[in-house]
Amino acid sequence: MKDVQWSFISLITASLSHLLLRILLGNELGPSGLGLYTLVFTIYMFGVLFASFGIGDALTRYVAEFSDNTQKAKEYITSGIIGSVFSGFLMGVLLFLLSDVISINIFNMPEMANMLKITAICFPFIAINKTVVGSLNGFRNMKAFAFLNISLNMSIFFISILMVLYLKMGVLGAVLGFVIPTIIICLISINLIRSYLVFPSIFFTQNDAYRDILHFGFYAVLGNSILYVYTHIDSLMIGYYLDEAEVGLYAISVIFVQGLVLIPSAIQKVTSPIIAKAYAEKEYKFISELIKRITFKVFVISSLLSLLVAIFGKVLIMIIFEDIFLPAYLPLLIMLIGYAIYSTFISIGSFYSSIGYVQLSYKIALFSAILSIMLNIIFIPRYGIVGAAIATTTSLVTLTLLHFFIIKHLLSKM
């Protein structure tokens with residue numbers, strides 16, 4: 001429970017800071033400005049998945065598995081840091097070179113190009129930070145884990161406010177608001193694991209850790225990146241088919257429904273190392289009982305929260321934003337159904353990687369992404385942002401049912 005509390009504090013701080021920031025940006029920049037920022041931030045987060053190359057997820061598993069073996073932990077953490085520097089640098093260069101193509105040829109928004117180039121600078125830093133956070137999660141050092149995440153999100157909030165509201169730098173200021181803190185927090189995070197770094201001899205003498213991390217990371221980044229595309233393809237395709245103003249309206253719906261995943265996401269940060277360690281110790285019955293208890297409680301909580309948001313959603317939109325954002329209410333109602341159901345899986349979302357089936361994650365995610373893209377192609381041109389909400393909910397419910405069918409099958413084989 002203490003681990004969950006720290007994880008929840010970390011995630012609730014992130015959610016509240018992003019919620020307040022989106023509110024301020026929406027009121028200051030309007031739907032178009034908020035939509036442009038949302039697209040840039042979505043591309044940034046997608047790039048981050050490749051920049052970190054799944055190394056943070058790999059370290060959560062391997063550090064938890066070897067938490068009682070200091071030497072092995074050092075090998076994996078050092079290997080992870082070195083790998084993240086290379087992967088982050090390569091991804092940053094790639095985004096920098098493709099920024100004009102993405103901005104002009106895909107979204108027809110030339111003003112996005114310079115923002116993406118600035119964003120590319122911070123990729124090596126966020127990759128290192130993800131590696132550190134993954135290591136701390138593996139050790140179940142949730143206080144330090146929460147400290148880094150809280151510091152990053154609070155810094156993003158205050159620096160963004162400074163740039164946008166006081167320096168009047170518009171959307172560019174909002175982009176600098178997440179780029180600058182990313183670099184600063186990365187430099188701070190290294191100090192938290194410096195005792196586990198054994199440069200430079202480990203780079204030349206140890207190969208097992210690199211092989212394990214890269215193998216795990218390859219499938220993790222495939223699964224995570226495809227899953228990220230799956231959960232954000234609606235916003236990207238709205239930007240492609242419609243315009244940035246519609247993206248801004250849809251972003252308001254997303255802000256509210258993402259609040260539903262706070263508790264299950266916090267729980268997942270704790271269940272991940274617990275399941276990994278239990279699986280290594282062959283405590284299969286414990287894993288099965290844990291999943292049943294967690295998912296049932298999460299479903300009850302998410303259902304109650306969804307009901308509250310459905311009842312008071314329109315009032316909240318009018319109070320927090322302006323009347324111009326009211327078209328976001330209907331998509332919000334539709335997405336509440338999908339996210340309430342999907343939140344049950346989120347609470348144990350790292351199950352596959354925790355038991356060594358990391359390849360399965362990307363296969364399921366690929367199926368889900370294809371389904372989501374097809375549904376969005378069908379519904380967005382016809383129904384706009386309401387169609388995007390229908391596509392999202394349909395795919396989320398389908399994905400959840402598929403996940404639990406597979407998990408039940410895997411548990412029966414243990």
# chains A, B, ... in the order shown; residues from 1 in each chain; ligands from 1

$ residues_around --residues "Gly170 of chain A" --least-positions-apart "4" --cutoff "9 Å" --atoms "only C-alpha atoms" --output "ChimeraX atom specification"
/A:25,28-29,33,163-165,174

$ write_last_selection --atoms "C-alpha atoms" --output "PDB file, in the first residue's frame"
ATOM      1  CA  LEU A  25      -3.329  26.805 -22.481  1.00  0.00           C
ATOM      2  CA  GLU A  28      -4.961  31.434 -23.336  1.00  0.00           C
ATOM      3  CA  LEU A  29      -4.398  29.948 -26.804  1.00  0.00           C
ATOM      4  CA  GLY A  33      -3.379  26.702 -30.050  1.00  0.00           C
ATOM      5  CA  MET A 163       6.741  31.052 -20.995  1.00  0.00           C
ATOM      6  CA  VAL A 164       3.107  31.315 -22.075  1.00  0.00           C
ATOM      7  CA  LEU A 165       1.383  33.651 -19.618  1.00  0.00           C
ATOM      8  CA  ALA A 174       4.519  25.720 -24.107  1.00  0.00           C
TER       9      ALA A 174
END

$ residues_around --residues "Ser395 of chain A" --least-positions-apart "3" --cutoff "9 Å" --atoms "only C-alpha atoms" --output "PyMOL selection string"
chain A and resi 230+338+368-369+371-372+375+390-392+398-400

$ write_last_selection --atoms "all heavy atoms" --output "PDB file, in the first residue's frame"
ATOM      1  N   TYR A 230      -1.863   3.421 -30.795  1.00  0.00           N
ATOM      2  CA  TYR A 230      -3.238   2.944 -30.648  1.00  0.00           C
ATOM      3  C   TYR A 230      -4.077   3.882 -29.781  1.00  0.00           C
ATOM      4  O   TYR A 230      -5.223   4.195 -30.111  1.00  0.00           O
ATOM      5  CB  TYR A 230      -3.207   1.537 -30.052  1.00  0.00           C
ATOM      6  CG  TYR A 230      -4.505   1.093 -29.441  1.00  0.00           C
ATOM      7  CD1 TYR A 230      -5.613   0.842 -30.238  1.00  0.00           C
ATOM      8  CD2 TYR A 230      -4.619   0.924 -28.064  1.00  0.00           C
ATOM      9  CE1 TYR A 230      -6.812   0.439 -29.674  1.00  0.00           C
ATOM     10  CE2 TYR A 230      -5.814   0.516 -27.505  1.00  0.00           C
ATOM     11  CZ  TYR A 230      -6.896   0.274 -28.306  1.00  0.00           C
ATOM     12  OH  TYR A 230      -8.079  -0.123 -27.758  1.00  0.00           O
ATOM     13  N   GLY A 338     -15.411   3.127 -22.667  1.00  0.00           N
ATOM     14  CA  GLY A 338     -14.223   2.374 -23.047  1.00  0.00           C
ATOM     15  C   GLY A 338     -13.124   2.416 -22.008  1.00  0.00           C
ATOM     16  O   GLY A 338     -12.530   1.379 -21.675  1.00  0.00           O
ATOM     17  N   SER A 368      -4.437  -4.286 -32.144  1.00  0.00           N
ATOM     18  CA  SER A 368      -5.293  -3.216 -31.631  1.00  0.00           C
ATOM     19  C   SER A 368      -5.119  -1.933 -32.430  1.00  0.00           C
ATOM     20  O   SER A 368      -6.090  -1.220 -32.715  1.00  0.00           O
ATOM     21  CB  SER A 368      -4.964  -2.961 -30.156  1.00  0.00           C
ATOM     22  OG  SER A 368      -5.052  -4.146 -29.407  1.00  0.00           O
ATOM     23  N   ALA A 369      -3.861  -1.628 -32.795  1.00  0.00           N
ATOM     24  CA  ALA A 369      -3.593  -0.412 -33.562  1.00  0.00           C
ATOM     25  C   ALA A 369      -4.242  -0.471 -34.941  1.00  0.00           C
ATOM     26  O   ALA A 369      -4.833   0.509 -35.407  1.00  0.00           O
ATOM     27  CB  ALA A 369      -2.085  -0.205 -33.691  1.00  0.00           C
ATOM     28  N   LEU A 371      -6.859  -2.239 -35.769  1.00  0.00           N
ATOM     29  CA  LEU A 371      -8.306  -2.119 -35.557  1.00  0.00           C
ATOM     30  C   LEU A 371      -8.697  -0.661 -35.336  1.00  0.00           C
ATOM     31  O   LEU A 371      -9.664  -0.163 -35.933  1.00  0.00           O
ATOM     32  CB  LEU A 371      -8.732  -2.966 -34.359  1.00  0.00           C
ATOM     33  CG  LEU A 371     -10.195  -2.836 -33.924  1.00  0.00           C
ATOM     34  CD1 LEU A 371     -11.123  -3.317 -35.026  1.00  0.00           C
ATOM     35  CD2 LEU A 371     -10.440  -3.613 -32.624  1.00  0.00           C
ATOM     36  N   SER A 372      -7.935   0.031 -34.490  1.00  0.00           N
ATOM     37  CA  SER A 372      -8.244   1.429 -34.179  1.00  0.00           C
ATOM     38  C   SER A 372      -8.124   2.317 -35.414  1.00  0.00           C
ATOM     39  O   SER A 372      -8.968   3.198 -35.652  1.00  0.00           O
ATOM     40  CB  SER A 372      -7.326   1.934 -33.070  1.00  0.00           C
ATOM     41  OG  SER A 372      -7.640   3.257 -32.723  1.00  0.00           O
ATOM     42  N   LEU A 375     -11.114   1.755 -37.693  1.00  0.00           N
ATOM     43  CA  LEU A 375     -12.334   2.362 -37.155  1.00  0.00           C
ATOM     44  C   LEU A 375     -12.303   3.885 -37.278  1.00  0.00           C
ATOM     45  O   LEU A 375     -13.332   4.510 -37.592  1.00  0.00           O
ATOM     46  CB  LEU A 375     -12.510   1.953 -35.690  1.00  0.00           C
ATOM     47  CG  LEU A 375     -12.846   0.476 -35.446  1.00  0.00           C
ATOM     48  CD1 LEU A 375     -12.816   0.152 -33.950  1.00  0.00           C
ATOM     49  CD2 LEU A 375     -14.213   0.134 -36.035  1.00  0.00           C
ATOM     50  N   ILE A 390     -16.174   7.075 -30.798  1.00  0.00           N
ATOM     51  CA  ILE A 390     -16.789   5.764 -31.031  1.00  0.00           C
ATOM     52  C   ILE A 390     -15.715   4.734 -31.384  1.00  0.00           C
ATOM     53  O   ILE A 390     -15.722   3.604 -30.877  1.00  0.00           O
ATOM     54  CB  ILE A 390     -17.828   5.852 -32.170  1.00  0.00           C
ATOM     55  CG1 ILE A 390     -19.005   6.743 -31.748  1.00  0.00           C
ATOM     56  CG2 ILE A 390     -18.332   4.468 -32.561  1.00  0.00           C
ATOM     57  CD1 ILE A 390     -19.981   7.043 -32.868  1.00  0.00           C
ATOM     58  N   ALA A 391     -14.791   5.128 -32.244  1.00  0.00           N
ATOM     59  CA  ALA A 391     -13.708   4.222 -32.646  1.00  0.00           C
ATOM     60  C   ALA A 391     -12.841   3.837 -31.452  1.00  0.00           C
ATOM     61  O   ALA A 391     -12.463   2.671 -31.277  1.00  0.00           O
ATOM     62  CB  ALA A 391     -12.862   4.886 -33.728  1.00  0.00           C
ATOM     63  N   THR A 392     -12.535   4.814 -30.601  1.00  0.00           N
ATOM     64  CA  THR A 392     -11.688   4.565 -29.435  1.00  0.00           C
ATOM     65  C   THR A 392     -12.350   3.604 -28.461  1.00  0.00           C
ATOM     66  O   THR A 392     -11.736   2.641 -27.994  1.00  0.00           O
ATOM     67  CB  THR A 392     -11.367   5.894 -28.729  1.00  0.00           C
ATOM     68  OG1 THR A 392     -10.618   6.732 -29.615  1.00  0.00           O
ATOM     69  CG2 THR A 392     -10.557   5.651 -27.460  1.00  0.00           C
ATOM     70  N   THR A 398     -12.759  -4.080 -27.097  1.00  0.00           N
ATOM     71  CA  THR A 398     -12.269  -5.284 -27.795  1.00  0.00           C
ATOM     72  C   THR A 398     -10.903  -5.702 -27.263  1.00  0.00           C
ATOM     73  O   THR A 398     -10.649  -6.893 -27.017  1.00  0.00           O
ATOM     74  CB  THR A 398     -12.181  -5.025 -29.307  1.00  0.00           C
ATOM     75  OG1 THR A 398     -13.458  -4.610 -29.801  1.00  0.00           O
ATOM     76  CG2 THR A 398     -11.725  -6.267 -30.044  1.00  0.00           C
ATOM     77  N   LEU A 399     -10.018  -4.735 -27.100  1.00  0.00           N
ATOM     78  CA  LEU A 399      -8.664  -5.021 -26.614  1.00  0.00           C
ATOM     79  C   LEU A 399      -8.688  -5.601 -25.207  1.00  0.00           C
ATOM     80  O   LEU A 399      -7.959  -6.558 -24.901  1.00  0.00           O
ATOM     81  CB  LEU A 399      -7.842  -3.734 -26.631  1.00  0.00           C
ATOM     82  CG  LEU A 399      -6.420  -3.816 -26.065  1.00  0.00           C
ATOM     83  CD1 LEU A 399      -5.584  -4.801 -26.860  1.00  0.00           C
ATOM     84  CD2 LEU A 399      -5.767  -2.444 -26.061  1.00  0.00           C
ATOM     85  N   THR A 400      -9.513  -5.052 -24.332  1.00  0.00           N
ATOM     86  CA  THR A 400      -9.590  -5.535 -22.955  1.00  0.00           C
ATOM     87  C   THR A 400     -10.041  -6.988 -22.898  1.00  0.00           C
ATOM     88  O   THR A 400      -9.458  -7.812 -22.178  1.00  0.00           O
ATOM     89  CB  THR A 400     -10.552  -4.663 -22.130  1.00  0.00           C
ATOM     90  OG1 THR A 400     -10.137  -3.299 -22.193  1.00  0.00           O
ATOM     91  CG2 THR A 400     -10.575  -5.103 -20.674  1.00  0.00           C
TER      92      THR A 400
END

$ residues_around --residues "Leu24 of chain A" --least-positions-apart "3" --cutoff "10 Å" --atoms "only C-alpha atoms" --output "PyMOL selection string"
chain A and resi 18-21+27-30+34+160-161+164-165+320-321

$ write_last_selection --atoms "all heavy atoms" --output "tab-separated table (two decimals), in the first residue's frame"
chain	number	residue	atom	x	y	z
A	18	HIS	N	-0.79	18.47	-15.67
A	18	HIS	CA	-1.14	18.52	-17.08
A	18	HIS	C	-2.56	19.03	-17.28
A	18	HIS	O	-2.84	19.76	-18.24
A	18	HIS	CB	-1.00	17.13	-17.70
A	18	HIS	CG	0.42	16.74	-18.00
A	18	HIS	ND1	1.16	17.33	-19.01
A	18	HIS	CD2	1.26	15.85	-17.43
A	18	HIS	CE1	2.37	16.82	-19.04
A	18	HIS	NE2	2.46	15.92	-18.08
A	19	LEU	N	-3.47	18.67	-16.37
A	19	LEU	CA	-4.84	19.18	-16.47
A	19	LEU	C	-4.87	20.69	-16.33
A	19	LEU	O	-5.46	21.40	-17.16
A	19	LEU	CB	-5.71	18.53	-15.39
A	19	LEU	CG	-7.13	19.11	-15.23
A	19	LEU	CD1	-7.91	18.93	-16.51
A	19	LEU	CD2	-7.85	18.46	-14.06
A	20	LEU	N	-4.22	21.20	-15.29
A	20	LEU	CA	-4.18	22.65	-15.08
A	20	LEU	C	-3.50	23.36	-16.24
A	20	LEU	O	-3.92	24.44	-16.67
A	20	LEU	CB	-3.47	22.96	-13.76
A	20	LEU	CG	-4.20	22.52	-12.48
A	20	LEU	CD1	-3.32	22.77	-11.26
A	20	LEU	CD2	-5.52	23.26	-12.33
A	21	LEU	N	-2.42	22.73	-16.75
A	21	LEU	CA	-1.70	23.34	-17.87
A	21	LEU	C	-2.59	23.39	-19.11
A	21	LEU	O	-2.63	24.41	-19.81
A	21	LEU	CB	-0.42	22.54	-18.15
A	21	LEU	CG	0.47	23.08	-19.27
A	21	LEU	CD1	0.90	24.51	-18.97
A	21	LEU	CD2	1.69	22.19	-19.46
A	27	ASN	N	-7.51	28.21	-22.43
A	27	ASN	CA	-8.09	29.54	-22.25
A	27	ASN	C	-7.21	30.63	-22.84
A	27	ASN	O	-7.71	31.66	-23.31
A	27	ASN	CB	-8.31	29.82	-20.76
A	27	ASN	CG	-9.43	28.96	-20.19
A	27	ASN	OD1	-10.41	28.66	-20.87
A	27	ASN	ND2	-9.28	28.54	-18.94
A	28	GLU	N	-5.89	30.43	-22.83
A	28	GLU	CA	-4.96	31.43	-23.34
A	28	GLU	C	-4.78	31.36	-24.84
A	28	GLU	O	-4.71	32.38	-25.53
A	28	GLU	CB	-3.59	31.26	-22.66
A	28	GLU	CG	-2.54	32.27	-23.08
A	28	GLU	CD	-2.78	33.67	-22.54
A	28	GLU	OE1	-3.60	33.83	-21.61
A	28	GLU	OE2	-2.15	34.61	-23.04
A	29	LEU	N	-4.72	30.14	-25.39
A	29	LEU	CA	-4.40	29.95	-26.80
A	29	LEU	C	-5.61	29.59	-27.66
A	29	LEU	O	-5.52	29.64	-28.88
A	29	LEU	CB	-3.33	28.85	-26.95
A	29	LEU	CG	-2.03	29.06	-26.16
A	29	LEU	CD1	-1.13	27.84	-26.32
A	29	LEU	CD2	-1.31	30.32	-26.60
A	30	GLY	N	-6.72	29.19	-27.01
A	30	GLY	CA	-7.91	28.79	-27.76
A	30	GLY	C	-7.79	27.38	-28.29
A	30	GLY	O	-6.75	26.73	-28.15
A	34	LEU	N	-4.30	25.08	-28.52
A	34	LEU	CA	-4.26	23.86	-27.72
A	34	LEU	C	-4.11	22.65	-28.62
A	34	LEU	O	-3.38	21.70	-28.30
A	34	LEU	CB	-5.54	23.74	-26.88
A	34	LEU	CG	-5.66	22.48	-26.02
A	34	LEU	CD1	-4.52	22.38	-25.02
A	34	LEU	CD2	-7.01	22.45	-25.30
A	160	SER	N	6.17	26.28	-18.13
A	160	SER	CA	5.22	26.54	-19.21
A	160	SER	C	4.39	27.79	-18.91
A	160	SER	O	4.14	28.61	-19.81
A	160	SER	CB	4.29	25.34	-19.40
A	160	SER	OG	5.01	24.20	-19.79
A	161	ILE	N	3.96	27.93	-17.67
A	161	ILE	CA	3.20	29.12	-17.28
A	161	ILE	C	4.04	30.38	-17.48
A	161	ILE	O	3.57	31.40	-17.99
A	161	ILE	CB	2.74	29.02	-15.81
A	161	ILE	CG1	1.77	27.86	-15.64
A	161	ILE	CG2	2.12	30.33	-15.34
A	161	ILE	CD1	0.54	27.95	-16.50
A	164	VAL	N	4.34	31.00	-21.34
A	164	VAL	CA	3.11	31.32	-22.08
A	164	VAL	C	2.40	32.54	-21.52
A	164	VAL	O	2.02	33.46	-22.26
A	164	VAL	CB	2.15	30.10	-22.07
A	164	VAL	CG1	0.83	30.45	-22.75
A	164	VAL	CG2	2.80	28.92	-22.78
A	165	LEU	N	2.18	32.57	-20.20
A	165	LEU	CA	1.38	33.65	-19.62
A	165	LEU	C	2.17	34.93	-19.38
A	165	LEU	O	1.63	36.03	-19.54
A	165	LEU	CB	0.76	33.17	-18.30
A	165	LEU	CG	-0.24	32.01	-18.40
A	165	LEU	CD1	-0.90	31.75	-17.05
A	165	LEU	CD2	-1.30	32.28	-19.45
A	320	ILE	N	-14.59	25.20	-16.04
A	320	ILE	CA	-13.14	25.20	-16.18
A	320	ILE	C	-12.70	25.87	-17.47
A	320	ILE	O	-11.74	26.65	-17.49
A	320	ILE	CB	-12.61	23.75	-16.14
A	320	ILE	CG1	-12.93	23.12	-14.78
A	320	ILE	CG2	-11.10	23.73	-16.38
A	320	ILE	CD1	-12.56	21.65	-14.69
A	321	PHE	N	-13.43	25.59	-18.57
A	321	PHE	CA	-13.06	26.17	-19.86
A	321	PHE	C	-14.11	27.22	-20.24
A	321	PHE	O	-14.64	27.90	-19.38
A	321	PHE	CB	-12.96	25.06	-20.91
A	321	PHE	CG	-11.90	24.03	-20.60
A	321	PHE	CD1	-12.24	22.84	-19.97
A	321	PHE	CD2	-10.57	24.27	-20.92
A	321	PHE	CE1	-11.26	21.90	-19.68
A	321	PHE	CE2	-9.59	23.34	-20.62
A	321	PHE	CZ	-9.94	22.15	-20.00

$ residues_around --residues "segment 103-106 of chain A" --least-positions-apart "3" --cutoff "12 Å" --atoms "only C-alpha atoms" --output "NGL selection string"
:A and (36 or 39-40 or 43 or 95-100 or 109-117 or 236-241 or 243)

$ write_last_selection --atoms "N, CA, C and O atoms" --output "short mmCIF file (atom, residue, chain, number, x, y, z; two decimals), in the first residue's frame"
data_model
loop_
_atom_site.label_atom_id
_atom_site.label_comp_id
_atom_site.auth_asym_id
_atom_site.auth_seq_id
_atom_site.Cartn_x
_atom_site.Cartn_y
_atom_site.Cartn_z
N LEU A 36 -2.61 22.52 -31.61
CA LEU A 36 -1.23 22.47 -32.12
C LEU A 36 -0.29 21.93 -31.05
O LEU A 36 0.57 21.08 -31.33
N LEU A 39 -0.73 18.13 -30.65
CA LEU A 39 -0.08 17.36 -31.70
C LEU A 39 1.43 17.26 -31.48
O LEU A 39 2.02 16.19 -31.62
N VAL A 40 2.05 18.39 -31.14
CA VAL A 40 3.50 18.39 -30.90
C VAL A 40 3.84 17.50 -29.71
O VAL A 40 4.78 16.70 -29.75
N ILE A 43 3.51 13.77 -30.61
CA ILE A 43 4.67 13.31 -31.39
C ILE A 43 5.88 13.18 -30.48
O ILE A 43 6.67 12.23 -30.61
N LEU A 95 14.15 12.73 -35.54
CA LEU A 95 13.03 13.68 -35.47
C LEU A 95 13.44 15.04 -36.02
O LEU A 95 12.66 15.69 -36.73
N PHE A 96 14.66 15.47 -35.73
CA PHE A 96 15.14 16.76 -36.23
C PHE A 96 15.12 16.78 -37.75
O PHE A 96 14.68 17.75 -38.38
N LEU A 97 15.57 15.69 -38.38
CA LEU A 97 15.64 15.63 -39.84
C LEU A 97 14.26 15.51 -40.48
O LEU A 97 14.05 15.99 -41.62
N LEU A 98 13.31 14.89 -39.78
CA LEU A 98 11.98 14.67 -40.35
C LEU A 98 10.95 15.72 -39.96
O LEU A 98 9.78 15.63 -40.35
N SER A 99 11.36 16.71 -39.18
CA SER A 99 10.41 17.69 -38.65
C SER A 99 9.64 18.43 -39.75
O SER A 99 8.43 18.66 -39.63
N ASP A 100 10.32 18.80 -40.83
CA ASP A 100 9.64 19.51 -41.92
C ASP A 100 8.65 18.61 -42.64
O ASP A 100 7.55 19.04 -43.01
N MET A 109 0.93 21.98 -41.31
CA MET A 109 1.09 23.01 -40.28
C MET A 109 2.56 23.41 -40.22
O MET A 109 3.32 22.89 -39.40
N PRO A 110 3.02 24.33 -41.08
CA PRO A 110 4.44 24.70 -41.15
C PRO A 110 4.99 25.21 -39.83
O PRO A 110 6.18 25.04 -39.54
N GLU A 111 4.13 25.84 -39.02
CA GLU A 111 4.60 26.40 -37.75
C GLU A 111 5.03 25.32 -36.76
O GLU A 111 5.70 25.60 -35.76
N MET A 112 4.68 24.07 -37.04
CA MET A 112 5.04 22.97 -36.16
C MET A 112 6.50 22.56 -36.30
O MET A 112 7.10 21.99 -35.37
N ALA A 113 7.13 22.87 -37.42
CA ALA A 113 8.47 22.35 -37.74
C ALA A 113 9.52 22.75 -36.70
O ALA A 113 10.25 21.90 -36.18
N ASN A 114 9.61 24.04 -36.39
CA ASN A 114 10.63 24.49 -35.43
C ASN A 114 10.37 23.93 -34.04
O ASN A 114 11.30 23.66 -33.28
N MET A 115 9.12 23.73 -33.70
CA MET A 115 8.78 23.16 -32.39
C MET A 115 9.26 21.73 -32.28
O MET A 115 9.76 21.30 -31.24
N LEU A 116 9.14 20.98 -33.37
CA LEU A 116 9.61 19.59 -33.36
C LEU A 116 11.14 19.53 -33.29
O LEU A 116 11.71 18.64 -32.65
N LYS A 117 11.81 20.47 -33.95
CA LYS A 117 13.28 20.50 -33.90
C LYS A 117 13.77 20.79 -32.48
O LYS A 117 14.74 20.20 -32.02
N LEU A 236 -4.27 12.13 -33.63
CA LEU A 236 -3.44 12.32 -34.82
C LEU A 236 -4.29 12.31 -36.09
O LEU A 236 -4.09 13.13 -37.00
N MET A 237 -5.27 11.42 -36.15
CA MET A 237 -6.10 11.33 -37.35
C MET A 237 -7.11 12.47 -37.43
O MET A 237 -7.53 12.86 -38.52
N ILE A 238 -7.51 13.00 -36.28
CA ILE A 238 -8.35 14.21 -36.30
C ILE A 238 -7.55 15.36 -36.90
O ILE A 238 -8.05 16.15 -37.70
N GLY A 239 -6.25 15.44 -36.50
CA GLY A 239 -5.38 16.47 -37.07
C GLY A 239 -5.21 16.29 -38.57
O GLY A 239 -5.08 17.26 -39.32
N TYR A 240 -5.19 15.04 -39.02
CA TYR A 240 -5.01 14.75 -40.45
C TYR A 240 -6.28 15.06 -41.25
O TYR A 240 -6.25 15.70 -42.29
N TYR A 241 -7.44 14.59 -40.76
CA TYR A 241 -8.69 14.74 -41.49
C TYR A 241 -9.35 16.11 -41.28
O TYR A 241 -9.99 16.64 -42.19
N ASP A 243 -8.83 19.68 -38.42
CA ASP A 243 -7.86 20.76 -38.21
C ASP A 243 -7.47 20.81 -36.73
O ASP A 243 -7.99 20.05 -35.91
#

$ closest_residue --among "A:Tyr37, A:Phe157, A:Phe89, A:Phe125" --to "Leu172 of chain A" --atoms "only C-alpha atoms"
A:Tyr37

$ residues_around --residues "Ile346 of chain A" --least-positions-apart "6" --cutoff "8 Å" --atoms "only C-alpha atoms" --output "VMD selection string"
chain A and resid 261 264 to 265 268

$ atom_distance --atom1 "atom CA of Phe41 of chain A" --atom2 "atom CA of Tyr166 of chain A"
21.1 Å
